Amino acid sequence: MKKLALVLIVIMFAAGFAIAQDDTAATEVTGADELVKQKSSQWGGVWIHPDADISKFSKLYLWNAIFQFRDVSDNKVNRTTTAMMRGDQGYFTISEDSQEKFKKIVSEVVVKELGRSKQFEIVDSIGPDTLAVRGAVLDIVSNVPPNVGRQGNVHLASMGEATFFFELIDAETGVIQARVGDRRLIQPPAGMNTVNAAPTNSATVWNDVEMWAQDQAMTLRRALDKAAKKAKKKK
């Protein structure tokens, strides 16, 4: 079921970016149909272009990310604390303010983390040797009840769940070099789906979102650096 969900999200991802591309891209994005699925211990899905050569790139250009929140407005269930911990009684609506805060935190964390790369320089315009990185966080849902700080001792295993993707594109040719993605619980890397001992409040919610985003971006950065270093050694 998880693999099927990931495939469906890939379709949503591609469709979303077809609408969201901005005028900073000088070429049409192509190559999606040529990507080959690879095995990975880090991601739920990895697709690589047969002609991908990461050694050609030394710069990263970050496109604006897409964020898509699931509409759960029809969920009228009054959940108990136990049900909330299990996450089996539906999800809570995410307010517009919280959606904007989520976007801001995730975007800033990804930019900061990729900026720590030892193999790539972050640039603000497309040019030679540039790998465009575009990301998406899709089908975002929340386990956090409204006014969580006033709800008593609410203990959650995760703040919610989301599917994220990173797509790497040759900025000069527009050919997609790779795509990675997974659906994961929004919790700190050390959470391991265990219920937090401390009550959940607004501060812990946003801290967990930040740590979750950092973990995804760090995994990408390390994979990019490792692949680039290995490819350059072969030349």
# chains A, B, ... in the order shown; residues from 1 in each chain; ligands from 1
>>> residues_around(residues="Phe164 in chain A", least_positions_apart="2", cutoff="8 Å", atoms="only C-alpha atoms", output="list in words")
Gly135, Ala136, Val137, Leu138, Ala162, Phe166, Gly181, Asp182 and Arg183 of chain A
>>> residues_around(residues="range 62-72 of chain A", least_positions_apart="5", cutoff="7 Å", atoms="only C-alpha atoms", output="compact mmCIF listing (two decimals) with N, CA, C and O atoms, in the first residue's frame")
# COMPACT_ATOMS: atom_id res chain seq x y z
N TYR A 91 -7.57 13.29 11.05
CA TYR A 91 -6.58 14.34 11.27
C TYR A 91 -7.27 15.67 11.54
O TYR A 91 -8.45 15.85 11.28
N PHE A 92 -6.48 16.62 12.07
CA PHE A 92 -7.00 17.95 12.37
C PHE A 92 -6.65 18.91 11.23
O PHE A 92 -5.59 18.81 10.62
N THR A 93 -7.55 19.86 11.01
CA THR A 93 -7.30 20.90 10.01
C THR A 93 -6.13 21.78 10.44
O THR A 93 -6.01 22.14 11.61
N LYS A 103 5.53 26.13 5.94
CA LYS A 103 6.26 26.39 4.70
C LYS A 103 7.56 27.14 4.97
O LYS A 103 8.61 26.81 4.41
N ALA A 132 19.75 22.19 -10.70
CA ALA A 132 18.56 22.79 -10.10
C ALA A 132 17.90 21.78 -9.16
O ALA A 132 17.70 20.62 -9.52
N VAL A 133 17.58 22.23 -7.97
CA VAL A 133 16.92 21.38 -6.98
C VAL A 133 15.53 21.93 -6.74
O VAL A 133 15.37 23.08 -6.35
N ARG A 134 14.53 21.13 -7.00
CA ARG A 134 13.17 21.57 -6.69
C ARG A 134 12.52 20.53 -5.79
O ARG A 134 12.66 19.33 -5.99
N GLY A 135 11.84 21.00 -4.79
CA GLY A 135 11.27 20.11 -3.80
C GLY A 135 9.78 20.26 -3.66
O GLY A 135 9.19 21.26 -4.08
N ALA A 136 9.18 19.26 -3.07
CA ALA A 136 7.74 19.30 -2.80
C ALA A 136 7.46 18.56 -1.50
O ALA A 136 8.07 17.53 -1.22
N VAL A 137 6.56 19.12 -0.71
CA VAL A 137 6.06 18.43 0.48
C VAL A 137 4.55 18.32 0.27
O VAL A 137 3.84 19.33 0.24
N LEU A 138 4.07 17.10 0.09
CA LEU A 138 2.71 16.87 -0.38
C LEU A 138 1.88 16.05 0.60
O LEU A 138 2.42 15.34 1.44
N ASP A 139 0.56 16.18 0.47
CA ASP A 139 -0.39 15.41 1.27
C ASP A 139 -0.05 15.52 2.76
O ASP A 139 0.03 14.53 3.48
N ILE A 140 0.16 16.76 3.22
CA ILE A 140 0.54 17.01 4.61
C ILE A 140 -0.70 16.90 5.50
O ILE A 140 -1.74 17.51 5.21
N VAL A 141 -0.58 16.13 6.56
CA VAL A 141 -1.68 15.99 7.52
C VAL A 141 -1.15 16.20 8.94
O VAL A 141 0.03 16.03 9.20
>>> closest_residue(among="A:Gln216, A:Asn207, A:Thr173, A:Ser58", to="Val123 in chain A", atoms="only C-alpha atoms")
A:Ser58
>>> closest_residue(among="A:Ala203, A:Ala157, A:Ile105, A:Val110", to="Leu220 in chain A", atoms="only C-alpha atoms")
A:Val110
>>> closest_residue(among="A:Gln177, A:Val36, A:Leu114, A:Gln99", to="Thr219 in chain A", atoms="only C-alpha atoms")
A:Leu114
>>> atom_distance(atom1="CA of Pro146 in chain A", atom2="CA of Ala217 in chain A")
28.1 Å
